[in-house]
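Trainee: The file below is upload_35.cif, mmCIF, C-alpha atoms:
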```cif
data_query
#
loop_
_atom_site.label_atom_id
_atom_site.label_comp_id
_atom_site.auth_asym_id
_atom_site.auth_seq_id
_atom_site.Cartn_x
_atom_site.Cartn_y
_atom_site.Cartn_z
CA MET O 1 51.48 104.14 53.31
CA HIS O 2 52.94 106.92 55.45
CA GLU O 3 51.52 105.09 58.47
CA LEU O 4 54.89 103.39 58.80
CA SER O 5 56.61 106.70 59.41
CA ILE O 6 53.77 107.79 61.71
CA ALA O 7 54.23 104.54 63.67
CA ASP O 8 57.95 105.22 63.79
CA SER O 9 57.33 108.71 65.23
CA ILE O 10 55.02 107.28 67.87
CA ILE O 11 57.57 104.65 68.88
CA LYS O 12 60.42 107.18 69.05
CA THR O 13 58.34 109.59 71.11
CA VAL O 14 57.35 106.88 73.59
CA LEU O 15 60.89 105.49 73.87
CA HIS O 16 62.14 109.00 74.54
CA GLU O 17 59.46 109.45 77.20
CA ILE O 18 60.45 106.13 78.85
CA GLU O 19 64.07 107.22 78.98
CA VAL O 20 63.45 110.74 80.28
CA LYS O 21 60.86 109.76 82.89
CA GLN O 22 62.42 106.36 83.67
CA LEU O 23 59.07 104.68 83.12
CA PRO O 24 58.38 101.02 83.87
CA ALA O 25 57.07 98.73 81.11
CA VAL O 26 54.44 100.34 78.90
CA LYS O 27 51.29 98.23 78.62
CA ARG O 28 49.25 100.41 76.31
CA ILE O 29 49.94 103.40 74.10
CA VAL O 30 46.71 105.27 73.51
CA VAL O 31 46.63 107.43 70.40
CA ARG O 32 43.87 109.63 69.05
CA ILE O 33 43.31 109.59 65.29
CA GLY O 34 40.82 111.93 63.69
CA ALA O 35 38.91 110.90 60.57
CA LEU O 36 40.51 113.86 58.73
CA SER O 37 44.06 113.05 59.81
CA GLY O 38 44.78 111.05 56.66
CA VAL O 39 45.88 108.08 58.75
CA VAL O 40 44.30 104.65 58.34
CA PRO O 41 44.07 102.87 61.72
CA ASP O 42 44.63 99.34 60.34
CA ALA O 43 47.74 100.44 58.47
CA LEU O 44 49.03 102.22 61.57
CA GLU O 45 48.57 99.08 63.71
CA PHE O 46 50.31 97.02 61.07
CA GLY O 47 53.23 99.44 60.93
CA PHE O 48 53.47 99.59 64.72
CA GLU O 49 53.55 95.82 65.08
CA ALA O 50 56.25 95.54 62.46
CA LEU O 51 58.45 98.21 64.00
CA VAL O 52 58.27 97.32 67.72
CA ILE O 53 59.90 93.94 67.25
CA ASP O 54 63.12 93.85 69.30
CA THR O 55 62.36 97.13 71.06
CA PRO O 56 61.27 97.71 74.67
CA LEU O 57 57.75 98.23 73.27
CA GLU O 58 57.47 94.74 71.83
CA ARG O 59 54.85 93.79 74.41
CA SER O 60 53.02 97.11 74.36
CA ARG O 61 49.64 97.42 72.72
CA LEU O 62 48.72 100.30 70.45
CA VAL O 63 45.17 101.46 71.22
CA ILE O 64 43.60 103.73 68.64
CA GLU O 65 40.74 106.05 69.55
CA TYR O 66 39.20 107.00 66.22
CA LEU O 67 37.40 110.33 66.28
CA PRO O 68 34.67 111.34 63.83
CA VAL O 69 34.71 114.80 62.31
CA ARG O 70 32.81 117.50 64.19
CA GLY O 71 32.20 121.04 63.04
CA LYS O 72 30.87 124.35 64.25
CA CYS O 73 28.86 126.60 61.95
CA ARG O 74 30.25 130.10 61.60
CA GLU O 75 26.79 131.43 60.68
CA CYS O 76 24.46 129.97 63.32
CA GLY O 77 27.05 128.79 65.85
CA LYS O 78 25.70 125.26 66.22
CA ASP O 79 27.93 122.23 66.76
CA PHE O 80 27.34 119.02 64.82
CA GLU O 81 28.93 115.82 63.58
CA VAL O 82 30.11 116.09 59.98
CA GLU O 83 28.77 112.98 58.26
CA ASN O 84 30.33 111.66 55.05
CA PHE O 85 32.69 114.65 54.99
CA LEU O 86 29.79 116.89 53.98
CA PHE O 87 30.93 120.20 55.41
CA ALA O 88 27.58 121.95 55.45
CA CYS O 89 25.63 122.96 58.54
CA PRO O 90 22.61 120.63 58.98
CA HIS O 91 20.74 123.49 60.70
CA CYS O 92 21.21 126.42 58.31
CA ALA O 93 22.98 124.78 55.30
CA SER O 94 25.93 127.18 55.48
CA GLY O 95 29.23 125.88 54.15
CA ALA O 96 31.21 128.10 56.53
CA VAL O 97 32.13 125.31 58.91
CA ASP O 98 35.11 125.21 61.25
CA VAL O 99 36.45 121.78 62.11
CA THR O 100 36.40 121.28 65.88
CA GLN O 101 37.36 117.60 65.89
CA GLY O 102 38.80 115.14 63.37
CA GLU O 103 42.28 116.51 62.64
CA GLU O 104 43.86 114.73 65.64
CA LEU O 105 47.02 112.72 65.33
CA ASP O 106 48.05 112.67 68.98
CA ILE O 107 49.61 110.38 71.52
CA ALA O 108 47.12 110.78 74.36
CA TYR O 109 48.56 108.74 77.21
CA LEU O 110 50.46 105.62 78.24
CA ASP O 111 49.38 102.90 80.63
CA VAL O 112 52.44 101.62 82.45
CA GLU O 113 53.06 98.82 84.92
CA ASP O 114 52.60 99.93 88.48
CA GLU O 115 55.83 101.37 89.84
CA SER O 116 55.75 99.36 93.07
CA PRO O 117 57.79 96.20 92.63
CA PRO O 118 55.82 92.97 92.40
CA GLU O 119 55.44 91.01 95.64
CA ARG O 120 58.36 88.75 96.23
CA HIS O 121 57.67 85.16 96.99
CA ALA O 122 59.90 83.59 99.58
CA PRO O 123 62.33 81.31 97.87
CA SER O 124 61.19 77.77 98.19
CA MET R 125 47.81 97.68 88.56
CA THR R 126 48.76 100.25 85.99
CA GLY R 127 49.64 103.93 86.08
CA LYS R 128 48.53 106.48 83.55
CA ILE R 129 51.11 108.81 82.05
CA THR R 130 49.51 111.67 80.17
CA LEU R 131 51.40 112.78 77.06
CA GLU R 132 48.94 114.74 74.86
CA LYS R 133 51.60 115.14 72.25
CA LYS R 134 51.13 115.57 68.52
CA VAL R 135 52.71 112.68 66.63
CA LEU R 136 53.93 115.13 64.00
CA SER R 137 55.09 117.78 66.46
CA GLU R 138 58.65 117.61 65.13
CA ASN R 139 57.38 118.04 61.55
CA ASP R 140 55.15 120.92 62.65
CA ARG R 141 58.03 122.61 64.47
CA LEU R 142 60.21 122.44 61.35
CA ALA R 143 57.33 123.63 59.17
CA ALA R 144 56.88 126.66 61.43
CA GLU R 145 60.58 127.43 61.05
CA ILE R 146 60.35 127.14 57.25
CA ARG R 147 57.28 129.41 57.24
CA GLN R 148 59.14 132.00 59.27
CA VAL R 149 62.12 131.99 56.89
CA LEU R 150 59.84 132.27 53.83
CA ASN R 151 57.83 135.09 55.40
CA ARG R 152 60.95 136.99 56.36
CA ASN R 153 62.04 136.87 52.71
CA GLY R 154 58.57 137.66 51.40
CA VAL R 155 58.47 134.43 49.38
CA ALA R 156 54.98 133.17 48.51
CA ALA R 157 54.98 129.38 48.82
CA LEU R 158 52.58 126.84 47.32
CA ASN R 159 52.56 123.11 47.98
CA LEU R 160 51.28 121.30 44.86
CA VAL R 161 49.56 117.99 45.47
CA SER R 162 47.71 115.55 43.20
CA SER R 163 47.41 111.94 42.10
CA PRO R 164 50.16 110.71 39.81
CA GLY R 165 49.49 111.86 36.25
CA SER R 166 47.17 114.80 36.94
CA GLY R 167 49.67 117.17 35.38
CA LYS R 168 51.46 118.92 38.24
CA THR R 169 54.68 119.07 36.25
CA SER R 170 52.91 120.23 33.07
CA LEU R 171 51.15 122.94 35.05
CA LEU R 172 54.48 124.05 36.50
CA GLU R 173 56.13 124.00 33.07
CA LYS R 174 53.41 126.25 31.62
CA THR R 175 53.34 128.49 34.66
CA ILE R 176 57.10 128.94 34.94
CA GLY R 177 57.39 129.35 31.17
CA ALA R 178 54.81 132.14 31.20
CA LEU R 179 55.81 133.94 34.37
CA ALA R 180 59.59 133.52 34.55
CA GLY R 181 60.06 136.93 32.89
CA GLU R 182 58.17 138.80 35.60
CA LEU R 183 58.46 136.67 38.74
CA ARG R 184 61.52 135.06 40.26
CA ILE R 185 60.34 131.49 40.70
CA GLY R 186 61.99 128.71 42.67
CA LEU R 187 61.02 125.10 42.90
CA ILE R 188 61.48 122.16 45.20
CA ALA R 189 60.50 119.07 43.22
CA GLY R 190 59.72 115.86 45.07
CA ASP R 191 60.05 112.69 43.08
CA VAL R 192 60.09 109.10 44.22
CA GLN R 193 62.99 107.74 42.19
CA THR R 194 64.19 110.17 39.53
CA ASP R 195 64.94 113.84 39.10
CA ASN R 196 63.11 113.95 35.73
CA ASP R 197 60.62 116.57 36.89
CA ALA R 198 63.34 118.86 38.17
CA VAL R 199 65.16 118.61 34.85
CA ARG R 200 61.96 119.48 32.93
CA LEU R 201 61.40 122.52 35.09
CA VAL R 202 64.90 123.90 34.82
CA LYS R 203 64.31 123.88 31.06
CA ALA R 204 61.05 125.78 31.57
CA GLY R 205 62.94 128.62 33.21
CA ALA R 206 62.77 128.17 36.97
CA ARG R 207 65.62 130.17 38.48
CA MET R 208 66.40 127.71 41.18
CA VAL R 209 65.35 124.11 41.26
CA ARG R 210 66.19 121.66 43.99
CA PRO R 211 65.08 118.06 43.53
CA ILE R 212 64.22 115.89 46.50
CA VAL R 213 64.35 112.24 45.52
CA THR R 214 62.45 110.58 48.34
CA GLY R 215 63.78 107.11 47.56
CA GLY R 216 60.40 105.46 47.84
CA ALA R 217 58.74 107.70 50.42
CA CYS R 218 55.19 108.58 49.43
CA HIS R 219 55.24 112.22 50.58
CA LEU R 220 57.50 115.13 51.38
CA ASP R 221 57.93 116.12 55.00
CA ALA R 222 59.20 119.32 56.55
CA ARG R 223 62.60 117.81 57.32
CA MET R 224 63.27 117.07 53.63
CA VAL R 225 62.26 120.62 52.71
CA SER R 226 64.31 122.24 55.47
CA ARG R 227 67.37 120.34 54.27
CA VAL R 228 67.26 121.86 50.77
CA LEU R 229 65.93 125.29 51.75
CA PRO R 230 69.37 126.76 52.60
CA GLU R 231 70.48 126.00 49.02
CA LEU R 232 67.83 128.33 47.62
CA ASP R 233 68.46 132.05 47.13
CA LEU R 234 65.32 133.14 48.98
CA GLU R 235 66.32 136.80 49.07
CA ASN R 236 65.96 136.86 45.30
CA MET R 237 62.78 134.83 45.02
CA ASP R 238 59.13 135.84 44.73
CA LEU R 239 57.38 132.52 44.44
CA LEU R 240 58.35 129.03 45.56
CA PHE R 241 56.56 125.94 44.35
CA VAL R 242 56.94 122.71 46.24
CA GLU R 243 55.91 119.87 43.96
CA ASN R 244 54.87 117.06 46.25
CA VAL R 245 54.95 113.35 45.43
CA GLY R 246 51.91 112.25 43.38
CA ASN R 247 49.63 110.93 46.11
CA LEU R 248 46.37 112.30 47.52
CA VAL R 249 46.62 110.61 50.92
CA CYS R 250 49.95 110.86 52.69
CA PRO R 251 51.01 114.43 51.76
CA SER R 252 47.86 115.77 53.42
CA SER R 253 49.28 115.02 56.87
CA TYR R 254 52.50 116.99 56.45
CA ASP R 255 52.73 120.75 56.77
CA LEU R 256 55.75 121.91 54.76
CA GLY R 257 55.61 125.54 55.82
CA GLU R 258 53.71 126.60 52.69
CA ASP R 259 51.13 129.39 52.51
CA MET R 260 48.63 127.14 50.78
CA LYS R 261 48.14 123.73 49.29
CA VAL R 262 47.03 123.62 45.66
CA VAL R 263 45.39 120.36 44.62
CA VAL R 264 45.51 119.43 40.94
CA ILE R 265 42.91 117.02 39.54
CA SER R 266 42.35 116.08 35.90
CA THR R 267 39.31 115.21 33.83
CA THR R 268 40.66 111.71 33.21
CA GLU R 269 40.10 110.89 36.89
CA GLY R 270 36.78 110.22 38.62
CA ASP R 271 34.72 113.30 39.46
CA ASP R 272 34.12 111.79 42.91
CA LYS R 273 37.80 112.10 43.78
CA PRO R 274 37.24 114.89 46.32
CA LEU R 275 34.88 112.59 48.22
CA LYS R 276 37.43 109.78 48.21
CA TYR R 277 40.25 111.97 49.54
CA PRO R 278 38.42 114.46 51.77
CA ALA R 279 41.41 115.33 53.96
CA MET R 280 43.41 116.62 50.99
CA PHE R 281 40.57 118.66 49.51
CA ARG R 282 39.70 120.04 52.95
CA ARG R 283 43.28 121.19 53.52
CA SER R 284 43.79 122.70 50.09
CA SER R 285 42.88 126.30 49.33
CA VAL R 286 42.96 126.05 45.54
CA MET R 287 41.85 123.33 43.13
CA VAL R 288 43.12 123.31 39.54
CA ILE R 289 41.13 121.07 37.19
CA ASN R 290 43.48 120.12 34.36
CA LYS R 291 42.91 118.49 30.95
CA ILE R 292 39.61 120.26 30.22
CA ASP R 293 40.41 119.77 26.53
CA LEU R 294 39.54 116.10 27.09
CA LEU R 295 36.07 116.82 28.50
CA GLY R 296 33.41 114.76 26.78
CA THR R 297 35.68 111.79 26.21
CA SER R 298 34.83 110.33 29.63
CA ASP R 299 31.99 110.56 32.15
CA PHE R 300 33.80 113.22 34.14
CA ASP R 301 31.32 116.00 34.94
CA MET R 302 32.64 119.48 35.77
CA GLU R 303 29.60 120.44 37.83
CA ASN R 304 29.82 117.21 39.84
CA VAL R 305 33.49 117.57 40.65
CA LYS R 306 33.02 121.17 41.78
CA ALA R 307 29.96 120.35 43.87
CA ASN R 308 31.82 117.43 45.46
CA ALA R 309 34.86 119.56 46.22
CA ARG R 310 32.79 122.43 47.61
CA SER R 311 30.78 120.09 49.84
CA ILE R 312 34.09 119.35 51.57
CA ASN R 313 35.58 122.81 51.33
CA ALA R 314 33.20 125.66 50.48
CA GLY R 315 36.03 128.17 50.31
CA LEU R 316 38.02 126.48 47.50
CA THR R 317 39.23 128.71 44.67
CA ILE R 318 38.82 126.71 41.45
CA PHE R 319 40.51 127.03 38.05
CA ASP R 320 39.56 125.06 34.91
CA VAL R 321 42.59 124.67 32.68
CA SER R 322 44.18 122.69 29.90
CA CYS R 323 47.95 122.65 30.02
CA ARG R 324 47.91 121.20 26.51
CA THR R 325 45.88 123.94 24.80
CA GLY R 326 46.56 126.71 27.30
CA GLU R 327 42.86 127.31 27.88
CA GLY R 328 42.07 128.80 31.29
CA LEU R 329 45.70 129.29 32.28
CA GLU R 330 45.49 133.10 32.13
CA SER R 331 43.18 133.28 35.15
CA TRP R 332 45.50 130.96 37.12
CA PHE R 333 48.45 133.21 36.23
CA ALA R 334 46.49 136.31 37.27
CA TRP R 335 45.67 134.70 40.59
CA LEU R 336 49.36 133.84 41.12
CA ARG R 337 50.45 137.42 40.36
CA ALA R 338 47.93 138.77 42.88
CA PHE R 339 48.97 136.18 45.46
CA VAL R 340 52.64 137.12 45.13
CA ALA R 341 51.83 140.84 45.30
CA GLU R 342 49.78 140.29 48.43
CA LYS R 343 52.59 138.41 50.09
CA LYS R 344 55.10 141.16 49.29
CA GLN R 345 52.71 143.78 50.57
CA GLY R 346 52.16 141.82 53.77
CA MET R 347 55.90 141.79 54.33
CA HIS R 348 56.35 145.52 53.79
CA GLY R 349 53.16 146.44 55.61
CA ALA R 350 54.13 144.45 58.70
#
```
Would you mind writing the file's structure down as structure tokens?
Mentor:
Amino acid sequence: MHELSIADSIIKTVLHEIEVKQLPAVKRIVVRIGALSGVVPDALEFGFEALVIDTPLERSRLVIEYLPVRGKCRECGKDFEVENFLFACPHCASGAVDVTQGEELDIAYLDVEDESPPERHAPS
Amino acid sequence: MTGKITLEKKVLSENDRLAAEIRQVLNRNGVAALNLVSSPGSGKTSLLEKTIGALAGELRIGLIAGDVQTDNDAVRLVKAGARMVRPIVTGGACHLDARMVSRVLPELDLENMDLLFVENVGNLVCPSSYDLGEDMKVVVISTTEGDDKPLKYPAMFRRSSVMVINKIDLLGTSDFDMENVKANARSINAGLTIFDVSCRTGEGLESWFAWLRAFVAEKKQGMHGA
């Protein structure tokens, strides 16, 4: 259950970003998790929700883009999706496969409230 | 209306930065470093006991032993003859990270060390995400586990360079099949170097020791050749 410490890193990184760039409220935090990252999305969401309570990110949503594993064959050069973690080229059966996608554990981007202040209604 | 702020930042960038620092320090001192990972009970500590006991006369071996609550493993390995042992009691954490390692690293006499083992916490999931600055990960599996374990924990077997299959003296007492486990592991990582050993009887350990000697020699040569 290291997802709790992963969630903690995400939260710290985003809070730091808010402070440095003086960002308005963060609506969504979009992270990219590869199938080989060793991180379970459900556990990460659970950890995030537990840790954001009483922080400026309490109302932010964690959006997880889960990426399947992709590989490139070192023998025939073809790209393919690695299914069931079977690291063999489906074209030439070589096991010399470089991972091109699936190791990700990245914070991709943040969606923040528009910077322009909301329209003021005349006091009634 | 919302605005998009691009970050494209690795969640573990701080861990990776520290791991790179550790790697640099180890390389500068010509210390070969292995990160040992496994499920609880596969025999990481037994393997280290046998290895340190056999090689302590010819190699200067250091050890960082991760343990969740006790320093039992560290105590066992001091007895076996490790020159320098530093326990990290994680206090419940399920893995070691680069920060924990970098904290104890200054206490080790790296100038007088050939080989450093980092014994990770018994867990095949979480430790796979954390680079500790090692040269390689060595995954230990035993014949009392399922032979489909590599398929259940692909990230760990993909990121390891060596697989040690322990407890081969117990083969035949369960449905564990050596050919299956190797085929499963190689389907995930074709380049795995595999050793079949029994820490209890000593069978197969000689080839593991020979590999370690060659690995240490290569590391030293790399340092002097550079």
Trainee: For Asp233 (chain R), which residue out of R:Thr297, R:Ser266, R:Ser253, R:Asn153 is the nearest one, using all atoms listed in the file?
Mentor: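 For Asp233 (chain R), the nearest of the candidates is R:Asn153.
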Trainee: Could you list the residues in chain R lying within 7 Å of chain O, using only C-alpha atoms, and format the result as an MDAnalysis selection string?
Mentor: chainID R and resid 125:135 218 249:250 252:253 278:279 311:314
Trainee: Enclose region 47-54 of chain O, meaning all of its atoms listed in the file, in a box aligned along x, y and z, pad it by 5 Å on each side, and list the centre and edge lengths in Å to one decimal, as lines of an AutoDock Vina configuration file.
Mentor:
```
center_x = 58.2
center_y = 96.7
center_z = 65.1
size_x = 19.9
size_y = 15.7
size_z = 18.4
```
Trainee: Please, what distance in Å, to one decimal, runs between CA of Leu44 (chain O) and CA of Asn244 (chain R)?
Mentor: 22.1 Å
Trainee: Please expand the PyMOL selection byres ((chain R and resi 214) around 7) into the concrete residues it hits in this file, giving the result as a list in words.
Mentor: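 Expected selection for the PyMOL selection byres ((chain R and resi 214) around 7) here is Gly190, Asp191, Val192, Gln193, Ile212, Val213, Gly215, Gly216 and Ala217 of chain R.
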